[in-house]
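Structure, as structure tokens:
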Amino acid sequence: MASEKELIELATAMLDKAYIPYSQFPVGAALECEDGAVFGGCNIENASYGLTNCAERTAAFKAVSEGHTRFKRIVIAGRCEDYCWPCGACRQVLNEFGGPGLEIICLNGKGEAVHTTLGELLPHAVDAVWLGT
Ligand code: THU
């Protein structure tokens, strides 16, 4: 199990991996799975703009593609004034593997943290129950 401090350090280190030639807006993520596995992620932009992948989804897809489909918590780092909140698309993707109980820690550029949950940030998520499957 990683400590919160270790996850914060990884998310912050991932800022330097961000591929951001268009926005110059780095985002880093550190995702901890229920089984203890940890994955880092960064945003990866594209000249088409629309094909940009957020840091959170990079980490999520790395985890799932390695067989880790149950998420426990995620730290999201940025260098902005406000806390680095996950975008709507990332909230929905994280819901698939973390559900409303997923712990989310958002950092601002000063390294200050706000703790929340996915259920707080994405009420009424589209999920298998809602689909009736
Ligand atoms: N971005 C993320 O990586 N995560 C988010 O939740 C919000 C936005 C990235 C996408 C783009 O590369 C840059 O931040 C500006 O939107």
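Letters A, B, ... go to the chains of the structure tokens in the order shown; residues in each chain start at 1; ligands are counted from 1 in the same order.
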
TODO: Write out as a list in words the residues lying within 8 Å of Leu7 of chain A, counting only C-alpha atoms and excluding same-chain residues fewer than 4 positions away.
DONE: Ala2, Ser3, Ala11, Ala30, Leu31, Glu32, Ile74 and Val75 of chain A

Open item on the list: List the spatial neighbours of Ile105 of chain A as a list of chain:residue names - criterion: any atom at most 7 Å away, only C-alpha atoms, same-chain residues fewer than 2 positions off excluded.
Closed with: A:Ile74, A:Val75, A:Ile76, A:Glu103, A:Leu107, A:Ala113, A:Val114, A:His115, A:Thr116

Give as a PDB file with N, CA and C atoms, in the first residue's frame the residues surrounding ligand 1 up to a distance of 10 Å, considering only C-alpha atoms and all ligand atoms.
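Result file is part.pdb:
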```pdb
ATOM      1  N   LEU A  15       4.072  15.426 -13.459  1.00  0.00           N
ATOM      2  CA  LEU A  15       3.910  16.726 -14.135  1.00  0.00           C
ATOM      3  C   LEU A  15       5.013  16.939 -15.168  1.00  0.00           C
ATOM      4  N   ALA A  18       4.325  15.300 -18.628  1.00  0.00           N
ATOM      5  CA  ALA A  18       3.187  15.760 -19.430  1.00  0.00           C
ATOM      6  C   ALA A  18       3.656  16.203 -20.818  1.00  0.00           C
ATOM      7  N   TYR A  19       2.923  15.765 -21.839  1.00  0.00           N
ATOM      8  CA  TYR A  19       3.225  16.164 -23.222  1.00  0.00           C
ATOM      9  C   TYR A  19       2.216  17.254 -23.596  1.00  0.00           C
ATOM     10  N   ILE A  20       2.636  18.492 -23.476  1.00  0.00           N
ATOM     11  CA  ILE A  20       1.686  19.610 -23.514  1.00  0.00           C
ATOM     12  C   ILE A  20       2.153  20.749 -24.436  1.00  0.00           C
ATOM     13  N   PRO A  21       2.513  20.428 -25.692  1.00  0.00           N
ATOM     14  CA  PRO A  21       2.995  21.509 -26.560  1.00  0.00           C
ATOM     15  C   PRO A  21       1.935  22.554 -26.881  1.00  0.00           C
ATOM     16  N   TYR A  22       0.655  22.229 -26.720  1.00  0.00           N
ATOM     17  CA  TYR A  22      -0.416  23.153 -27.124  1.00  0.00           C
ATOM     18  C   TYR A  22      -0.953  23.976 -25.960  1.00  0.00           C
ATOM     19  N   SER A  23      -1.173  23.373 -24.826  1.00  0.00           N
ATOM     20  CA  SER A  23      -1.757  24.121 -23.697  1.00  0.00           C
ATOM     21  C   SER A  23      -0.710  24.612 -22.690  1.00  0.00           C
ATOM     22  N   GLN A  24       0.435  23.985 -22.648  1.00  0.00           N
ATOM     23  CA  GLN A  24       1.434  24.268 -21.593  1.00  0.00           C
ATOM     24  C   GLN A  24       0.810  24.106 -20.205  1.00  0.00           C
ATOM     25  N   PHE A  25      -0.165  23.227 -20.087  1.00  0.00           N
ATOM     26  CA  PHE A  25      -0.897  23.037 -18.825  1.00  0.00           C
ATOM     27  C   PHE A  25      -0.667  21.596 -18.362  1.00  0.00           C
ATOM     28  N   PRO A  26       0.342  21.378 -17.523  1.00  0.00           N
ATOM     29  CA  PRO A  26       0.641  20.004 -17.116  1.00  0.00           C
ATOM     30  C   PRO A  26      -0.323  19.488 -16.040  1.00  0.00           C
ATOM     31  N   VAL A  27      -0.647  18.219 -16.148  1.00  0.00           N
ATOM     32  CA  VAL A  27      -1.430  17.528 -15.117  1.00  0.00           C
ATOM     33  C   VAL A  27      -0.744  16.187 -14.863  1.00  0.00           C
ATOM     34  N   GLY A  28      -0.627  15.838 -13.597  1.00  0.00           N
ATOM     35  CA  GLY A  28      -0.057  14.544 -13.209  1.00  0.00           C
ATOM     36  C   GLY A  28      -1.041  13.792 -12.336  1.00  0.00           C
ATOM     37  N   ALA A  29      -1.012  12.478 -12.410  1.00  0.00           N
ATOM     38  CA  ALA A  29      -1.928  11.673 -11.594  1.00  0.00           C
ATOM     39  C   ALA A  29      -1.186  10.472 -11.020  1.00  0.00           C
ATOM     40  N   GLY A  41       0.249   8.807 -14.259  1.00  0.00           N
ATOM     41  CA  GLY A  41      -0.277   9.236 -15.551  1.00  0.00           C
ATOM     42  C   GLY A  41      -0.017  10.715 -15.762  1.00  0.00           C
ATOM     43  N   CYS A  42       0.022  11.111 -17.023  1.00  0.00           N
ATOM     44  CA  CYS A  42       0.163  12.533 -17.349  1.00  0.00           C
ATOM     45  C   CYS A  42      -0.733  12.829 -18.539  1.00  0.00           C
ATOM     46  N   ASN A  43      -1.000  14.106 -18.773  1.00  0.00           N
ATOM     47  CA  ASN A  43      -1.785  14.427 -19.968  1.00  0.00           C
ATOM     48  C   ASN A  43      -0.898  14.347 -21.207  1.00  0.00           C
ATOM     49  N   ILE A  44      -1.520  13.863 -22.274  1.00  0.00           N
ATOM     50  CA  ILE A  44      -0.816  13.642 -23.546  1.00  0.00           C
ATOM     51  C   ILE A  44      -1.633  14.323 -24.636  1.00  0.00           C
ATOM     52  N   GLU A  45      -1.119  15.446 -25.122  1.00  0.00           N
ATOM     53  CA  GLU A  45      -1.887  16.220 -26.097  1.00  0.00           C
ATOM     54  C   GLU A  45      -1.608  15.757 -27.526  1.00  0.00           C
ATOM     55  N   ASN A  46      -2.441  16.243 -28.430  1.00  0.00           N
ATOM     56  CA  ASN A  46      -2.322  15.872 -29.836  1.00  0.00           C
ATOM     57  C   ASN A  46      -2.649  17.090 -30.687  1.00  0.00           C
ATOM     58  N   TYR A  49      -6.021  18.255 -31.114  1.00  0.00           N
ATOM     59  CA  TYR A  49      -6.628  18.741 -29.865  1.00  0.00           C
ATOM     60  C   TYR A  49      -7.597  17.723 -29.257  1.00  0.00           C
ATOM     61  N   GLY A  50      -8.597  17.304 -30.030  1.00  0.00           N
ATOM     62  CA  GLY A  50      -9.649  16.439 -29.492  1.00  0.00           C
ATOM     63  C   GLY A  50      -9.155  15.073 -29.047  1.00  0.00           C
ATOM     64  N   LEU A  51      -8.015  14.657 -29.544  1.00  0.00           N
ATOM     65  CA  LEU A  51      -7.490  13.340 -29.169  1.00  0.00           C
ATOM     66  C   LEU A  51      -6.604  13.395 -27.926  1.00  0.00           C
ATOM     67  N   THR A  52      -6.549  14.549 -27.299  1.00  0.00           N
ATOM     68  CA  THR A  52      -5.788  14.684 -26.052  1.00  0.00           C
ATOM     69  C   THR A  52      -6.309  13.714 -25.003  1.00  0.00           C
ATOM     70  N   ASN A  53      -5.381  13.116 -24.276  1.00  0.00           N
ATOM     71  CA  ASN A  53      -5.777  12.226 -23.181  1.00  0.00           C
ATOM     72  C   ASN A  53      -5.370  12.867 -21.854  1.00  0.00           C
ATOM     73  N   CYS A  54      -6.308  12.956 -20.931  1.00  0.00           N
ATOM     74  CA  CYS A  54      -6.030  13.556 -19.621  1.00  0.00           C
ATOM     75  C   CYS A  54      -5.143  12.634 -18.783  1.00  0.00           C
ATOM     76  N   ALA A  55      -4.503  13.232 -17.790  1.00  0.00           N
ATOM     77  CA  ALA A  55      -3.615  12.479 -16.901  1.00  0.00           C
ATOM     78  C   ALA A  55      -4.350  11.349 -16.175  1.00  0.00           C
ATOM     79  N   GLU A  56      -5.564  11.639 -15.735  1.00  0.00           N
ATOM     80  CA  GLU A  56      -6.321  10.639 -14.965  1.00  0.00           C
ATOM     81  C   GLU A  56      -6.650   9.430 -15.830  1.00  0.00           C
ATOM     82  N   ARG A  57      -7.044   9.699 -17.076  1.00  0.00           N
ATOM     83  CA  ARG A  57      -7.383   8.566 -17.947  1.00  0.00           C
ATOM     84  C   ARG A  57      -6.140   7.817 -18.397  1.00  0.00           C
ATOM     85  N   THR A  58      -5.024   8.517 -18.532  1.00  0.00           N
ATOM     86  CA  THR A  58      -3.777   7.804 -18.835  1.00  0.00           C
ATOM     87  C   THR A  58      -3.495   6.796 -17.723  1.00  0.00           C
ATOM     88  N   ILE A  76      -4.390  13.955  -8.008  1.00  0.00           N
ATOM     89  CA  ILE A  76      -4.275  14.733  -9.252  1.00  0.00           C
ATOM     90  C   ILE A  76      -3.510  16.019  -8.950  1.00  0.00           C
ATOM     91  N   ALA A  77      -2.417  16.210  -9.678  1.00  0.00           N
ATOM     92  CA  ALA A  77      -1.553  17.367  -9.432  1.00  0.00           C
ATOM     93  C   ALA A  77      -1.567  18.315 -10.622  1.00  0.00           C
ATOM     94  N   GLY A  78      -1.458  19.604 -10.317  1.00  0.00           N
ATOM     95  CA  GLY A  78      -1.335  20.612 -11.371  1.00  0.00           C
ATOM     96  C   GLY A  78      -0.412  21.709 -10.898  1.00  0.00           C
ATOM     97  N   CYS A  84      -6.577  21.002  -8.889  1.00  0.00           N
ATOM     98  CA  CYS A  84      -6.680  20.357 -10.201  1.00  0.00           C
ATOM     99  C   CYS A  84      -7.799  19.317 -10.165  1.00  0.00           C
ATOM    100  N   TRP A  85      -8.994  19.758 -10.467  1.00  0.00           N
ATOM    101  CA  TRP A  85     -10.170  18.882 -10.449  1.00  0.00           C
ATOM    102  C   TRP A  85     -10.195  18.012 -11.700  1.00  0.00           C
ATOM    103  N   PRO A  86     -10.702  16.799 -11.589  1.00  0.00           N
ATOM    104  CA  PRO A  86     -10.824  15.958 -12.797  1.00  0.00           C
ATOM    105  C   PRO A  86     -11.951  16.454 -13.701  1.00  0.00           C
ATOM    106  N   CYS A  87     -11.737  16.386 -15.001  1.00  0.00           N
ATOM    107  CA  CYS A  87     -12.779  16.822 -15.947  1.00  0.00           C
ATOM    108  C   CYS A  87     -13.938  15.822 -15.936  1.00  0.00           C
ATOM    109  N   GLY A  88     -15.019  16.195 -16.579  1.00  0.00           N
ATOM    110  CA  GLY A  88     -16.211  15.353 -16.587  1.00  0.00           C
ATOM    111  C   GLY A  88     -15.984  13.984 -17.203  1.00  0.00           C
ATOM    112  N   ALA A  89     -15.236  13.948 -18.293  1.00  0.00           N
ATOM    113  CA  ALA A  89     -14.977  12.664 -18.951  1.00  0.00           C
ATOM    114  C   ALA A  89     -14.191  11.743 -18.021  1.00  0.00           C
ATOM    115  N   CYS A  90     -13.195  12.291 -17.345  1.00  0.00           N
ATOM    116  CA  CYS A  90     -12.388  11.471 -16.433  1.00  0.00           C
ATOM    117  C   CYS A  90     -13.221  10.986 -15.245  1.00  0.00           C
ATOM    118  N   ARG A  91     -14.114  11.834 -14.759  1.00  0.00           N
ATOM    119  CA  ARG A  91     -14.982  11.404 -13.645  1.00  0.00           C
ATOM    120  C   ARG A  91     -15.783  10.175 -14.059  1.00  0.00           C
TER     121      ARG A  91
END
```

May I have a table of the residues of segment 85-126 of chain A lying at most 9 Å from segment 130-133 of chain A, giving each one's closest pair of atoms and their distance in Å to one decimal, counting only C-alpha atoms, ordered by chain and ascending residue number, as a tab-separated table?
```
residue	atom	partner	partner_atom	distance
A:His124	CA	A:Trp130	CA	8.7
A:Ala125	CA	A:Trp130	CA	8.2
A:Val126	CA	A:Trp130	CA	6.1
```

Write out the residues from the selection above, keeping all heavy atoms, as a compact mmCIF listing (two decimals), in the first residue's frame.
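Generated file (again_9.txt):
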```
# COMPACT_ATOMS: atom_id res chain seq x y z
N HIS A 124 -25.13 10.64 -9.62
CA HIS A 124 -25.95 10.07 -10.71
C HIS A 124 -25.11 9.65 -11.91
O HIS A 124 -25.46 9.90 -13.07
CB HIS A 124 -27.04 11.06 -11.16
CG HIS A 124 -27.84 11.61 -10.03
ND1 HIS A 124 -28.68 10.84 -9.27
CD2 HIS A 124 -27.88 12.85 -9.51
CE1 HIS A 124 -29.22 11.59 -8.33
NE2 HIS A 124 -28.75 12.81 -8.44
N ALA A 125 -23.96 9.03 -11.64
CA ALA A 125 -23.10 8.57 -12.73
C ALA A 125 -23.82 7.51 -13.56
O ALA A 125 -24.68 6.77 -13.06
CB ALA A 125 -21.82 7.97 -12.15
N VAL A 126 -23.45 7.43 -14.80
CA VAL A 126 -23.93 6.34 -15.65
C VAL A 126 -23.15 5.09 -15.26
O VAL A 126 -21.92 5.09 -15.33
CB VAL A 126 -23.71 6.68 -17.14
CG1 VAL A 126 -24.03 5.48 -18.01
CG2 VAL A 126 -24.55 7.88 -17.53
```

Open item on the list: as a PyMOL selection string, please: every residue in chain A that DSSP puts in strand (DSSP E).
Closed with: chain A and resi 27-33+38-42+71-78+103-107+113-117

TODO: Could you please determine the separation between atom CA of Gly99 of chain A and atom CA of His68 of chain A in Å, to one decimal place?
DONE: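 A separation of 14.3 Å between them.
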
Task: d(atom CA of Ile104 of chain A, atom CA of Arg73 of chain A) in Å - done: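 Calculated distance between atom CA of Ile104 of chain A and atom CA of Arg73 of chain A is 5.7 Å.
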
- [ ] Work out how far apart atom CA of Leu122 of chain A and atom CA of Leu94 of chain A are and give it in Å to one decimal.
- [x] 9.9 Å

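Between Asp82 of chain A and the residues A:Gly119, A:Gly111, A:Gly98, A:Gly67, the shortest atom-to-atom distance, using only C-alpha atoms, involves A:Gly111.
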
- [ ] Could you check which of A:Ala47, A:Ala37, A:Val93, A:Cys80 is closest to Gly109 of chain A, using only C-alpha atoms?
- [x]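 Among the listed residues, A:Cys80 lies closest to Gly109 of chain A.
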
Open item on the list: Taking only C-alpha atoms into account, name the residue in A:Asp35, A:Asp16, A:Asp127, A:Glu9 that is nearest to Glu96 of chain A.
Closed with: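 Among A:Asp35, A:Asp16, A:Asp127, A:Glu9, it is A:Asp127 that comes nearest to Glu96 of chain A.
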
- [ ] Go through segment 1-128 of chain A and collect every residue that DSSP, computed from the backbone, puts in alpha helix (DSSP H); the answer should be as a ChimeraX atom specification.
- [x] /A:4-14,55-65,88-98,118-121,128
